[in-house]
Amino acid sequence: MPLSVNDIFSALPERFNAEAAGDWAAKIQFVFGEDEESWFIDVADGNINVEQGTVEDATATVTTTPETW
């Protein structure tokens, strides 16, 4: 069974590799269609924050459909 968007984003914090991220910092917005949910990740100082919703000052925005994702 395919993973849902929620499944994928919920798993990100436990799969995050802080050492590989180093001092990289970015806020990445994910938009899943006009009427679908949105998520963002915020990577900074070797940490990741994953939340459902939108972030105003995104470094990049990925727009796709849940099926494509």
# chains A, B, ... in the order shown; residues from 1 in each chain; ligands from 1
call {"tool": "residues_around", "arguments": {"residues": "A:Glu36", "least_positions_apart": "6", "cutoff": "12 Å", "atoms": "only C-alpha atoms", "output": "number ranges by chain"}}
result
A: 5-6, 30, 52-53, 63-67
call {"tool": "residues_around", "arguments": {"residues": "A:Asn17", "least_positions_apart": "3", "cutoff": "10 Å", "atoms": "only C-alpha atoms", "output": "list in words"}}
result
Leu12, Pro13, Glu14, Ala20, Ala21, Gly22, Gly46, Asn47 and Ile48 of chain A
call {"tool": "atom_distance", "arguments": {"atom1": "atom CA of A:Ile28", "atom2": "atom CA of A:Phe40"}}
result
5.5 Å
call {"tool": "atom_distance", "arguments": {"atom1": "atom CA of A:Ala44", "atom2": "atom CA of A:Thr68"}}
result
27.4 Å
call {"tool": "closest_residue", "arguments": {"among": "A:Ser4, A:Ser38, A:Val43, A:Ser10", "to": "A:Ala25", "atoms": "only C-alpha atoms"}}
result
A:Val43
